[in-house]
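Structure file protein-v6.cif with mmCIF, C-alpha atoms and all ligand atoms:
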```cif
data_my_file
loop_
_atom_site.label_atom_id
_atom_site.label_comp_id
_atom_site.auth_asym_id
_atom_site.auth_seq_id
_atom_site.Cartn_x
_atom_site.Cartn_y
_atom_site.Cartn_z
CA MET A 1 -45.11 -177.51 2.33
CA ALA A 2 -47.22 -175.92 -0.39
CA VAL A 3 -44.39 -176.42 -2.85
CA LEU A 4 -44.03 -180.06 -1.84
CA LYS A 5 -47.76 -180.65 -2.30
CA LEU A 6 -47.70 -179.12 -5.75
CA ASN A 7 -44.80 -181.31 -6.73
CA PHE A 8 -46.53 -184.40 -5.40
CA PHE A 9 -49.71 -183.71 -7.41
CA LYS A 10 -47.73 -182.87 -10.51
CA LEU A 11 -45.92 -186.18 -10.16
CA LEU A 12 -49.19 -188.01 -9.60
CA ALA A 13 -50.71 -186.38 -12.65
CA LEU A 14 -47.70 -187.37 -14.73
CA MET A 15 -47.93 -190.98 -13.53
CA LEU A 16 -51.63 -191.09 -14.34
CA ILE A 17 -51.04 -189.73 -17.82
CA LEU A 18 -48.29 -192.28 -18.39
CA ALA A 19 -50.42 -195.14 -17.07
CA PHE A 20 -53.76 -194.24 -18.62
CA GLY A 21 -52.75 -192.21 -21.63
CA PRO A 22 -54.41 -194.49 -24.21
CA VAL A 23 -57.63 -194.57 -22.15
CA VAL A 24 -57.69 -190.80 -21.97
CA ASN A 25 -57.22 -190.62 -25.74
CA LYS A 26 -60.04 -193.09 -26.31
CA ALA A 27 -62.30 -190.98 -24.11
CA ALA A 28 -61.30 -187.90 -26.07
CA ALA A 29 -62.16 -189.69 -29.32
CA GLN A 30 -65.57 -190.61 -27.93
CA GLN A 31 -66.06 -187.02 -26.85
CA MET A 32 -65.35 -185.94 -30.44
CA LYS A 33 -68.19 -188.16 -31.62
CA VAL A 34 -70.53 -186.75 -29.02
CA VAL A 35 -69.93 -183.13 -29.92
CA THR A 36 -71.04 -183.62 -33.51
CA ALA A 37 -74.23 -185.43 -32.49
CA THR A 38 -77.37 -183.77 -33.74
CA VAL A 39 -79.32 -184.40 -30.54
CA SER A 40 -79.01 -181.99 -27.66
CA PRO A 41 -81.32 -181.86 -24.65
CA GLU A 42 -81.30 -178.08 -24.95
CA LEU A 43 -82.83 -178.17 -28.44
CA PRO A 44 -86.47 -178.96 -29.22
CA SER A 45 -87.40 -182.42 -30.52
CA LEU A 46 -88.76 -182.81 -34.04
CA LYS A 47 -91.14 -185.60 -33.07
CA ASN A 48 -94.64 -184.86 -34.40
CA LYS A 49 -93.58 -181.43 -35.62
CA LYS A 50 -95.18 -180.39 -38.90
CA VAL A 51 -92.32 -179.73 -41.30
CA LEU A 52 -92.52 -178.48 -44.87
CA ILE A 53 -89.56 -179.17 -47.18
CA VAL A 54 -89.51 -176.99 -50.31
CA TYR A 55 -86.80 -177.63 -52.89
CA GLY A 56 -85.92 -176.50 -56.40
CA GLY A 57 -84.22 -173.67 -58.23
CA TRP A 58 -80.79 -173.89 -59.86
CA ASP A 59 -80.00 -177.54 -60.58
CA GLY A 60 -76.24 -177.17 -59.98
CA HIS A 61 -76.96 -177.33 -56.25
CA LYS A 62 -78.73 -180.70 -56.63
CA PRO A 63 -81.85 -179.66 -54.71
CA ASP A 64 -83.45 -183.11 -54.99
CA ALA A 65 -80.46 -184.76 -53.30
CA PHE A 66 -80.69 -182.25 -50.46
CA ALA A 67 -84.45 -182.83 -50.09
CA LYS A 68 -83.97 -186.62 -49.98
CA ARG A 69 -81.29 -186.36 -47.31
CA MET A 70 -83.39 -184.00 -45.23
CA GLU A 71 -86.49 -186.16 -45.69
CA ALA A 72 -84.70 -189.32 -44.54
CA TRP A 73 -83.37 -187.62 -41.42
CA LEU A 74 -86.60 -185.81 -40.51
CA GLU A 75 -88.59 -189.02 -40.95
CA LYS A 76 -86.24 -190.77 -38.54
CA GLU A 77 -86.77 -187.91 -36.09
CA GLY A 78 -90.54 -188.48 -36.21
CA ALA A 79 -91.52 -185.25 -37.98
CA ILE A 80 -94.75 -185.07 -39.99
CA LEU A 81 -93.58 -184.14 -43.47
CA THR A 82 -94.97 -182.28 -46.44
CA ILE A 83 -92.55 -182.14 -49.37
CA SER A 84 -92.97 -179.88 -52.38
CA ASP A 85 -90.94 -178.94 -55.45
CA SER A 86 -93.25 -175.99 -56.11
CA LEU A 87 -93.24 -172.55 -54.51
CA GLY A 88 -97.02 -172.62 -55.02
CA ILE A 89 -97.25 -174.46 -51.69
CA TYR A 90 -96.53 -171.13 -49.96
CA THR A 91 -99.99 -169.90 -51.04
CA ASP A 92 -101.72 -172.81 -49.25
CA GLU A 93 -102.99 -170.76 -46.32
CA ALA A 94 -104.27 -173.66 -44.21
CA LEU A 95 -100.99 -175.56 -44.50
CA MET A 96 -98.83 -172.49 -43.94
CA ALA A 97 -100.79 -171.59 -40.79
CA GLU A 98 -100.17 -175.09 -39.41
CA VAL A 99 -96.50 -175.76 -40.13
CA ASP A 100 -93.97 -175.55 -37.32
CA LEU A 101 -91.00 -175.36 -39.64
CA ILE A 102 -90.09 -174.74 -43.27
CA VAL A 103 -86.85 -176.18 -44.65
CA GLN A 104 -86.15 -174.52 -47.98
CA TYR A 105 -83.43 -175.34 -50.50
CA TRP A 106 -84.16 -173.20 -53.58
CA THR A 107 -81.31 -171.39 -55.31
CA MET A 108 -82.08 -168.28 -57.37
CA GLY A 109 -85.31 -168.53 -59.35
CA LYS A 110 -88.37 -166.34 -59.08
CA ILE A 111 -91.07 -166.21 -56.47
CA THR A 112 -94.42 -164.48 -57.05
CA LYS A 113 -95.69 -161.73 -54.76
CA GLU A 114 -98.42 -164.09 -53.44
CA GLN A 115 -95.97 -166.93 -52.77
CA GLU A 116 -93.54 -164.62 -50.99
CA ALA A 117 -96.37 -163.10 -48.94
CA GLY A 118 -97.55 -166.58 -47.88
CA LEU A 119 -94.06 -167.60 -46.77
CA LEU A 120 -93.29 -164.37 -44.90
CA LYS A 121 -96.66 -164.33 -43.15
CA ALA A 122 -96.14 -167.88 -41.88
CA VAL A 123 -92.70 -167.03 -40.48
CA ARG A 124 -93.88 -163.75 -38.92
CA ASN A 125 -96.62 -165.77 -37.20
CA GLY A 126 -94.20 -168.27 -35.70
CA ALA A 127 -93.25 -170.91 -38.25
CA GLY A 128 -89.50 -171.42 -38.14
CA ILE A 129 -87.40 -171.50 -41.28
CA ALA A 130 -84.05 -173.21 -41.72
CA GLY A 131 -81.73 -173.77 -44.62
CA CYS A 132 -78.27 -173.46 -46.01
CA HIS A 133 -76.07 -172.14 -48.82
CA GLY A 134 -77.89 -170.73 -51.87
CA GLY A 135 -81.01 -172.68 -50.89
CA LEU A 136 -81.93 -170.02 -48.35
CA GLY A 137 -79.24 -167.34 -48.70
CA ASP A 138 -79.42 -166.81 -52.48
CA SER A 139 -82.97 -167.75 -53.32
CA PHE A 140 -84.86 -164.84 -54.84
CA ARG A 141 -82.57 -162.02 -55.84
CA ASP A 142 -85.42 -159.66 -56.72
CA ASN A 143 -87.10 -159.97 -53.32
CA THR A 144 -85.60 -157.75 -50.68
CA GLU A 145 -88.28 -158.47 -48.04
CA TYR A 146 -87.40 -162.17 -48.36
CA GLN A 147 -83.73 -161.26 -47.84
CA TYR A 148 -84.71 -159.09 -44.87
CA MET A 149 -86.30 -162.20 -43.36
CA VAL A 150 -83.24 -164.41 -43.95
CA GLY A 151 -80.86 -161.82 -42.52
CA GLY A 152 -78.27 -162.05 -45.28
CA GLN A 153 -77.74 -162.46 -48.99
CA TRP A 154 -74.97 -164.15 -50.97
CA VAL A 155 -72.97 -161.77 -53.16
CA ALA A 156 -69.79 -163.70 -54.13
CA HIS A 157 -67.70 -166.83 -53.59
CA PRO A 158 -64.23 -165.64 -54.66
CA GLY A 159 -62.12 -168.44 -56.14
CA GLY A 160 -64.99 -170.95 -56.36
CA GLU A 161 -64.33 -174.13 -54.38
CA ILE A 162 -61.34 -173.46 -52.13
CA ASP A 163 -59.79 -174.48 -48.79
CA TYR A 164 -60.82 -172.34 -45.84
CA SER A 165 -61.46 -172.47 -42.11
CA VAL A 166 -64.67 -172.11 -40.17
CA ASN A 167 -64.33 -170.56 -36.72
CA ILE A 168 -66.86 -171.16 -33.99
CA VAL A 169 -67.35 -167.78 -32.36
CA ASN A 170 -70.12 -168.74 -29.94
CA GLY A 171 -69.55 -172.06 -28.23
CA ASP A 172 -72.31 -171.51 -25.67
CA ASP A 173 -75.20 -171.77 -28.08
CA PRO A 174 -76.68 -175.32 -28.27
CA VAL A 175 -76.27 -175.24 -32.06
CA THR A 176 -72.48 -174.92 -31.85
CA LYS A 177 -71.73 -176.21 -28.35
CA GLY A 178 -68.79 -178.61 -28.35
CA ILE A 179 -68.00 -178.11 -32.03
CA GLU A 180 -64.43 -177.09 -32.76
CA ASP A 181 -63.08 -174.89 -35.55
CA PHE A 182 -62.66 -176.94 -38.75
CA ASP A 183 -61.30 -176.76 -42.29
CA ILE A 184 -63.31 -177.44 -45.42
CA HIS A 185 -62.93 -177.42 -49.22
CA THR A 186 -65.99 -175.84 -50.80
CA GLU A 187 -67.40 -172.44 -51.72
CA GLN A 188 -66.59 -169.72 -49.20
CA TYR A 189 -69.66 -167.52 -49.16
CA TYR A 190 -69.14 -163.77 -49.04
CA MET A 191 -72.43 -162.40 -47.80
CA HIS A 192 -74.09 -159.13 -46.92
CA VAL A 193 -75.39 -159.79 -43.43
CA ASP A 194 -77.85 -158.08 -41.09
CA PRO A 195 -75.85 -156.69 -38.11
CA ASN A 196 -78.52 -157.87 -35.63
CA VAL A 197 -78.28 -161.61 -36.31
CA LYS A 198 -76.72 -163.86 -33.68
CA VAL A 199 -73.53 -165.09 -35.31
CA LEU A 200 -72.37 -168.57 -34.24
CA ALA A 201 -69.55 -169.22 -36.73
CA THR A 202 -67.50 -167.12 -39.13
CA THR A 203 -64.84 -167.42 -41.83
CA THR A 204 -62.00 -165.03 -42.66
CA PHE A 205 -61.14 -164.16 -46.27
CA THR A 206 -57.51 -163.94 -47.32
CA GLY A 207 -57.76 -161.37 -50.08
CA GLY A 208 -55.96 -163.80 -52.42
CA GLN A 209 -58.69 -163.37 -55.01
CA ASN A 210 -59.85 -159.83 -54.27
CA ASP A 211 -57.52 -157.66 -52.18
CA TRP A 212 -60.29 -155.35 -50.90
CA ILE A 213 -61.79 -158.18 -48.84
CA ASP A 214 -58.47 -159.16 -47.21
CA ARG A 215 -59.12 -160.26 -43.58
CA ALA A 216 -62.86 -159.68 -43.93
CA VAL A 217 -64.74 -161.76 -41.37
CA ILE A 218 -68.07 -163.03 -42.70
CA PRO A 219 -70.67 -165.06 -40.79
CA VAL A 220 -71.08 -168.75 -41.74
CA VAL A 221 -73.83 -169.65 -39.24
CA TRP A 222 -76.44 -167.37 -37.72
CA LYS A 223 -79.83 -167.36 -36.09
CA LYS A 224 -82.38 -164.60 -35.84
CA TYR A 225 -86.07 -163.88 -35.62
CA TYR A 226 -88.49 -162.55 -38.20
CA GLY A 227 -91.57 -161.60 -36.23
CA LEU A 228 -92.22 -164.66 -34.06
CA GLY A 229 -90.48 -167.13 -36.35
CA ARG A 230 -87.02 -168.51 -35.80
CA VAL A 231 -84.65 -168.25 -38.75
CA PHE A 232 -81.55 -170.46 -38.99
CA TYR A 233 -78.91 -170.18 -41.71
CA LEU A 234 -75.66 -171.99 -42.59
CA SER A 235 -73.66 -170.82 -45.62
CA ILE A 236 -72.09 -174.25 -46.38
CA GLY A 237 -73.94 -176.76 -48.59
CA HIS A 238 -72.76 -176.42 -52.19
CA SER A 239 -72.69 -180.16 -52.88
CA PRO A 240 -73.92 -183.34 -51.14
CA ASP A 241 -70.40 -184.20 -49.88
CA THR A 242 -70.32 -181.05 -47.73
CA PHE A 243 -73.04 -182.61 -45.55
CA GLU A 244 -70.71 -185.57 -44.88
CA VAL A 245 -68.47 -183.22 -42.88
CA PRO A 246 -69.65 -184.02 -39.33
CA GLU A 247 -69.48 -180.43 -38.09
CA VAL A 248 -71.55 -179.20 -41.05
CA TRP A 249 -74.31 -181.75 -40.65
CA ALA A 250 -74.35 -181.33 -36.87
CA MET A 251 -74.80 -177.56 -37.12
CA LEU A 252 -77.46 -177.87 -39.82
CA ALA A 253 -79.42 -180.55 -37.96
CA ARG A 254 -79.20 -178.67 -34.68
CA GLY A 255 -80.22 -175.44 -36.42
CA VAL A 256 -83.26 -177.20 -37.89
CA ARG A 257 -84.21 -178.38 -34.40
CA TRP A 258 -83.79 -174.90 -32.96
CA ALA A 259 -85.90 -173.30 -35.69
CA SER A 260 -88.71 -175.82 -35.13
CA GLY A 261 -89.41 -174.47 -31.65
CA SER A 262 -90.70 -170.93 -32.22
CA LYS A 263 -94.36 -171.81 -31.64
CA TYR A 264 -93.60 -173.59 -28.36
CA LEU A 265 -90.73 -171.81 -26.67
CA PRO A 266 -90.24 -168.28 -25.37
CA LYS A 267 -88.47 -165.82 -27.61
CA GLU A 268 -84.74 -165.77 -26.99
CA GLU A 269 -83.19 -162.38 -26.23
CA TRP A 270 -79.68 -161.77 -27.50
CA MET A 271 -79.64 -158.66 -29.60
CA SER A 272 -76.11 -157.40 -30.02
CA PRO A 273 -75.90 -154.99 -32.95
CA VAL A 274 -72.51 -154.99 -34.65
CA TYR A 275 -72.43 -151.28 -35.35
CA GLY A 276 -73.11 -148.27 -33.15
CA PRO A 277 -72.94 -147.40 -29.47
CA GLY A 278 -75.63 -149.95 -28.48
CA ARG A 279 -73.13 -152.81 -28.55
ZN ZN B 301 -72.90 -173.26 -54.47
#
```
Once more with this new file: its structure as structure tokens, please.
Amino acid sequence: MAVLKLNFFKLLALMLILAFGPVVNKAAAQQMKVVTATVSPELPSLKNKKVLIVYGGWDGHKPDAFAKRMEAWLEKEGAILTISDSLGIYTDEALMAEVDLIVQYWTMGKITKEQEAGLLKAVRNGAGIAGCHGGLGDSFRDNTEYQYMVGGQWVAHPGGEIDYSVNIVNGDDPVTKGIEDFDIHTEQYYMHVDPNVKVLATTTFTGGQNDWIDRAVIPVVWKKYYGLGRVFYLSIGHSPDTFEVPEVWAMLARGVRWASGSKYLPKEEWMSPVYGPGR
């Protein structure tokens, strides 16, 4: 009887697939759209959040284009924006004590001791910080405390702009939930990364350029804390077209939302050191 039942349901399932196949596909297509949406009920809203956008540094990364894109989106989300192309803003104590979130896109360049101190103090006290590519992960090469805050530092992108895959390694986190692995053509960042960050996506190097990094798995997306502040990083973002890739923009936008919540939401606990017996 059990066998007969199984056969009956299998047959029914087959008939349903045959009859409603196109409908199912349409639903799947809609689902695809949903998963790259930037809004998630699990992530904090940006409405009335005080957000500081700071942009500049190496011009090859088109920092003004990034700032404009971010500004347009954050405005739509209802954030209260301050936008600056000067690192001097980090010494504005009143402003830095008030901001909920800093979005920085500043590749290389120099930051003064006072500017760095202002930024790090704000994050330690609960301002979130979010960014991508060299704008956060290769900003001030002389400043190790800054790098300690970010949780990683760019060291190479072997081969320049190449084809590679991004693998979602934590599909439970609201930042990556529903997003599938995807391929992209841009710089593949090889980074030195803090083993205590929460890694959400990775990429694997082939060794085609440098054989000693063959099969090396390097984080692409991570989140962490620095004091009370939430830190979000995505290594993609070399050129404006990379933000047109739905998965990239979805992860960045969701990461920005997540980072904006440190002053309002309890600290998340998920330490999982990569090395050592504590894992
Ligand atoms: Zn780049």
For Thr82 (chain A), please output as a PyMOL selection string all residues within 8 Å (counting all atoms listed in the file; exclusion window: fewer than 5 positions along the same chain). chain A and resi 50-53
With 10 Å as the cut-off and only C-alpha atoms and all ligand atoms counted, what is the closest atom pair between each nearby residue of chain A and ligand ZN 301 (chain B)? Distances in Å to one decimal, ordered by chain and number, as a tab-separated table.
```
residue	atom	partner	partner_atom	distance
A:Trp58	CA	B:ZN301	ZN	9.6
A:Gly60	CA	B:ZN301	ZN	7.5
A:His61	CA	B:ZN301	ZN	6.0
A:Lys62	CA	B:ZN301	ZN	9.7
A:Thr107	CA	B:ZN301	ZN	8.7
A:His133	CA	B:ZN301	ZN	6.6
A:Gly134	CA	B:ZN301	ZN	6.2
A:Gly135	CA	B:ZN301	ZN	8.9
A:Asp138	CA	B:ZN301	ZN	9.4
A:Trp154	CA	B:ZN301	ZN	10.0
A:His157	CA	B:ZN301	ZN	8.3
A:Gly160	CA	B:ZN301	ZN	8.5
A:Glu161	CA	B:ZN301	ZN	8.6
A:Thr186	CA	B:ZN301	ZN	8.2
A:Glu187	CA	B:ZN301	ZN	6.2
A:Gln188	CA	B:ZN301	ZN	9.0
A:Tyr189	CA	B:ZN301	ZN	8.5
A:Ser235	CA	B:ZN301	ZN	9.2
A:Ile236	CA	B:ZN301	ZN	8.2
A:Gly237	CA	B:ZN301	ZN	6.9
A:His238	CA	B:ZN301	ZN	3.9
A:Ser239	CA	B:ZN301	ZN	7.1
```
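Within 10 Å of Phe232 (chain A), once all atoms listed in the file are used and residues closer than 6 positions along the same chain are dropped, the contacting residues are A:Val103, A:Gly128, A:Ile129, A:Ala130, A:Gly131, A:Cys132, A:Leu136, A:Val150, A:Gly151, A:Val175, A:Val197, A:Lys198, A:Val221, A:Trp222, A:Lys223, A:Lys224, A:Tyr225, A:Met251, A:Leu252, A:Arg254, A:Gly255, A:Val256, A:Arg257, A:Trp258, A:Ala259, A:Ser260.
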Residues within 9 Å of Met70 (chain A), all atoms listed in the file, excluding chain neighbours under 4 positions, as a list of chain:residue names: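 Within the cut-off, the hits are A:Ile53, A:Ala65, A:Phe66, A:Leu74, A:Glu75, A:Val103, A:Ala253.
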Distance CA of Phe140 (chain A)-CA of Tyr233 (chain A), one decimal place? 15.4 Å
Of the listed residues A:Gly56, A:Gly276, A:Gly152, A:Gly159, that which approaches Tyr105 (chain A) most closely, counting only C-alpha atoms: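 Smallest distance to Tyr105 (chain A) is found for A:Gly56.
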Would you compute the distance between CA of Tyr55 (chain A) and CA of Asp85 (chain A)? Give it in Å to one decimal. 5.0 Å
Env of Lys263 (chain A): 10 Å cut, atoms = only C-alpha atoms, seq-sep filter 4 positions within chain, self excluded. Answer as a list in words. Val99, Asp100, Leu101, Asn125, Gly126, Ala127, Gly128, Leu228, Gly229, Arg230, Ala259 and Lys267 of chain A
Taking the block just given, write region 212-249 of chain A to a file that holds N, CA and C atoms, as a PDB file, in the first residue's frame.
```
ATOM      1  N   TRP A 212      51.381  30.252  -5.401  1.00  0.00           N
ATOM      2  CA  TRP A 212      51.352  30.046  -3.946  1.00  0.00           C
ATOM      3  C   TRP A 212      49.996  30.387  -3.319  1.00  0.00           C
ATOM      4  N   ILE A 213      49.100  30.995  -4.103  1.00  0.00           N
ATOM      5  CA  ILE A 213      47.761  31.256  -3.540  1.00  0.00           C
ATOM      6  C   ILE A 213      46.704  30.325  -4.149  1.00  0.00           C
ATOM      7  N   ASP A 214      47.170  29.265  -4.845  1.00  0.00           N
ATOM      8  CA  ASP A 214      46.238  28.318  -5.460  1.00  0.00           C
ATOM      9  C   ASP A 214      45.262  27.764  -4.421  1.00  0.00           C
ATOM     10  N   ARG A 215      43.979  27.856  -4.707  1.00  0.00           N
ATOM     11  CA  ARG A 215      42.871  27.361  -3.862  1.00  0.00           C
ATOM     12  C   ARG A 215      42.708  28.152  -2.547  1.00  0.00           C
ATOM     13  N   ALA A 216      43.359  29.273  -2.454  1.00  0.00           N
ATOM     14  CA  ALA A 216      43.180  30.107  -1.248  1.00  0.00           C
ATOM     15  C   ALA A 216      41.754  30.646  -1.233  1.00  0.00           C
ATOM     16  N   VAL A 217      41.111  30.516  -0.089  1.00  0.00           N
ATOM     17  CA  VAL A 217      39.747  31.033   0.080  1.00  0.00           C
ATOM     18  C   VAL A 217      39.841  32.334   0.872  1.00  0.00           C
ATOM     19  N   ILE A 218      39.348  33.410   0.265  1.00  0.00           N
ATOM     20  CA  ILE A 218      39.457  34.736   0.887  1.00  0.00           C
ATOM     21  C   ILE A 218      38.054  35.338   1.042  1.00  0.00           C
ATOM     22  N   PRO A 219      37.761  35.901   2.195  1.00  0.00           N
ATOM     23  CA  PRO A 219      36.442  36.523   2.395  1.00  0.00           C
ATOM     24  C   PRO A 219      36.160  37.658   1.396  1.00  0.00           C
ATOM     25  N   VAL A 220      34.909  37.742   0.959  1.00  0.00           N
ATOM     26  CA  VAL A 220      34.431  38.835   0.099  1.00  0.00           C
ATOM     27  C   VAL A 220      33.509  39.763   0.905  1.00  0.00           C
ATOM     28  N   VAL A 221      32.738  39.173   1.803  1.00  0.00           N
ATOM     29  CA  VAL A 221      31.804  39.953   2.636  1.00  0.00           C
ATOM     30  C   VAL A 221      31.983  39.528   4.085  1.00  0.00           C
ATOM     31  N   TRP A 222      32.119  40.515   4.965  1.00  0.00           N
ATOM     32  CA  TRP A 222      32.138  40.181   6.398  1.00  0.00           C
ATOM     33  C   TRP A 222      31.494  41.275   7.222  1.00  0.00           C
ATOM     34  N   LYS A 223      31.147  40.880   8.464  1.00  0.00           N
ATOM     35  CA  LYS A 223      30.698  41.862   9.442  1.00  0.00           C
ATOM     36  C   LYS A 223      31.430  41.604  10.750  1.00  0.00           C
ATOM     37  N   LYS A 224      31.552  42.626  11.541  1.00  0.00           N
ATOM     38  CA  LYS A 224      32.264  42.523  12.803  1.00  0.00           C
ATOM     39  C   LYS A 224      31.869  43.687  13.684  1.00  0.00           C
ATOM     40  N   TYR A 225      32.434  43.705  14.879  1.00  0.00           N
ATOM     41  CA  TYR A 225      32.287  44.866  15.751  1.00  0.00           C
ATOM     42  C   TYR A 225      33.647  45.496  15.994  1.00  0.00           C
ATOM     43  N   TYR A 226      33.621  46.785  16.283  1.00  0.00           N
ATOM     44  CA  TYR A 226      34.802  47.483  16.799  1.00  0.00           C
ATOM     45  C   TYR A 226      34.261  48.284  17.984  1.00  0.00           C
ATOM     46  N   GLY A 227      34.513  47.785  19.193  1.00  0.00           N
ATOM     47  CA  GLY A 227      33.831  48.369  20.348  1.00  0.00           C
ATOM     48  C   GLY A 227      32.339  48.094  20.210  1.00  0.00           C
ATOM     49  N   LEU A 228      31.529  49.149  20.242  1.00  0.00           N
ATOM     50  CA  LEU A 228      30.081  48.979  20.122  1.00  0.00           C
ATOM     51  C   LEU A 228      29.601  49.108  18.676  1.00  0.00           C
ATOM     52  N   GLY A 229      30.478  49.578  17.800  1.00  0.00           N
ATOM     53  CA  GLY A 229      30.064  49.880  16.430  1.00  0.00           C
ATOM     54  C   GLY A 229      30.084  48.679  15.503  1.00  0.00           C
ATOM     55  N   ARG A 230      29.085  48.624  14.658  1.00  0.00           N
ATOM     56  CA  ARG A 230      29.013  47.564  13.655  1.00  0.00           C
ATOM     57  C   ARG A 230      29.838  47.945  12.428  1.00  0.00           C
ATOM     58  N   VAL A 231      30.606  46.995  11.947  1.00  0.00           N
ATOM     59  CA  VAL A 231      31.461  47.227  10.776  1.00  0.00           C
ATOM     60  C   VAL A 231      31.031  46.253   9.683  1.00  0.00           C
ATOM     61  N   PHE A 232      30.712  46.794   8.502  1.00  0.00           N
ATOM     62  CA  PHE A 232      30.339  45.941   7.371  1.00  0.00           C
ATOM     63  C   PHE A 232      31.276  46.205   6.206  1.00  0.00           C
ATOM     64  N   TYR A 233      31.751  45.120   5.581  1.00  0.00           N
ATOM     65  CA  TYR A 233      32.668  45.263   4.444  1.00  0.00           C
ATOM     66  C   TYR A 233      32.334  44.291   3.313  1.00  0.00           C
ATOM     67  N   LEU A 234      32.455  44.814   2.077  1.00  0.00           N
ATOM     68  CA  LEU A 234      32.280  44.026   0.845  1.00  0.00           C
ATOM     69  C   LEU A 234      33.469  44.353  -0.057  1.00  0.00           C
ATOM     70  N   SER A 235      34.169  43.331  -0.565  1.00  0.00           N
ATOM     71  CA  SER A 235      35.405  43.635  -1.311  1.00  0.00           C
ATOM     72  C   SER A 235      35.166  44.024  -2.767  1.00  0.00           C
ATOM     73  N   ILE A 236      33.933  43.878  -3.274  1.00  0.00           N
ATOM     74  CA  ILE A 236      33.625  44.259  -4.665  1.00  0.00           C
ATOM     75  C   ILE A 236      33.262  45.749  -4.715  1.00  0.00           C
ATOM     76  N   GLY A 237      33.564  46.413  -5.850  1.00  0.00           N
ATOM     77  CA  GLY A 237      33.192  47.824  -5.976  1.00  0.00           C
ATOM     78  C   GLY A 237      34.229  48.651  -6.704  1.00  0.00           C
ATOM     79  N   HIS A 238      34.956  47.996  -7.622  1.00  0.00           N
ATOM     80  CA  HIS A 238      36.039  48.678  -8.343  1.00  0.00           C
ATOM     81  C   HIS A 238      35.513  49.788  -9.258  1.00  0.00           C
ATOM     82  N   SER A 239      34.385  49.539  -9.903  1.00  0.00           N
ATOM     83  CA  SER A 239      33.847  50.518 -10.853  1.00  0.00           C
ATOM     84  C   SER A 239      32.329  50.565 -10.711  1.00  0.00           C
ATOM     85  N   PRO A 240      31.703  51.678 -11.168  1.00  0.00           N
ATOM     86  CA  PRO A 240      30.258  51.831 -10.988  1.00  0.00           C
ATOM     87  C   PRO A 240      29.440  50.642 -11.502  1.00  0.00           C
ATOM     88  N   ASP A 241      29.896  49.991 -12.598  1.00  0.00           N
ATOM     89  CA  ASP A 241      29.094  48.894 -13.157  1.00  0.00           C
ATOM     90  C   ASP A 241      28.997  47.692 -12.207  1.00  0.00           C
ATOM     91  N   THR A 242      29.937  47.570 -11.275  1.00  0.00           N
ATOM     92  CA  THR A 242      29.858  46.426 -10.357  1.00  0.00           C
ATOM     93  C   THR A 242      28.617  46.538  -9.454  1.00  0.00           C
ATOM     94  N   PHE A 243      28.167  47.776  -9.233  1.00  0.00           N
ATOM     95  CA  PHE A 243      26.981  47.959  -8.373  1.00  0.00           C
ATOM     96  C   PHE A 243      25.685  47.660  -9.120  1.00  0.00           C
ATOM     97  N   GLU A 244      25.790  47.467 -10.457  1.00  0.00           N
ATOM     98  CA  GLU A 244      24.617  47.075 -11.244  1.00  0.00           C
ATOM     99  C   GLU A 244      24.355  45.572 -11.118  1.00  0.00           C
ATOM    100  N   VAL A 245      25.325  44.833 -10.621  1.00  0.00           N
ATOM    101  CA  VAL A 245      25.117  43.394 -10.390  1.00  0.00           C
ATOM    102  C   VAL A 245      24.182  43.275  -9.176  1.00  0.00           C
ATOM    103  N   PRO A 246      22.983  42.710  -9.376  1.00  0.00           N
ATOM    104  CA  PRO A 246      21.975  42.756  -8.303  1.00  0.00           C
ATOM    105  C   PRO A 246      22.465  42.206  -6.965  1.00  0.00           C
ATOM    106  N   GLU A 247      23.220  41.119  -7.011  1.00  0.00           N
ATOM    107  CA  GLU A 247      23.702  40.516  -5.756  1.00  0.00           C
ATOM    108  C   GLU A 247      24.635  41.465  -5.013  1.00  0.00           C
ATOM    109  N   VAL A 248      25.465  42.188  -5.784  1.00  0.00           N
ATOM    110  CA  VAL A 248      26.443  43.101  -5.176  1.00  0.00           C
ATOM    111  C   VAL A 248      25.721  44.253  -4.472  1.00  0.00           C
ATOM    112  N   TRP A 249      24.791  44.881  -5.207  1.00  0.00           N
ATOM    113  CA  TRP A 249      24.086  46.009  -4.612  1.00  0.00           C
ATOM    114  C   TRP A 249      23.230  45.553  -3.419  1.00  0.00           C
TER     115      TRP A 249
END
```
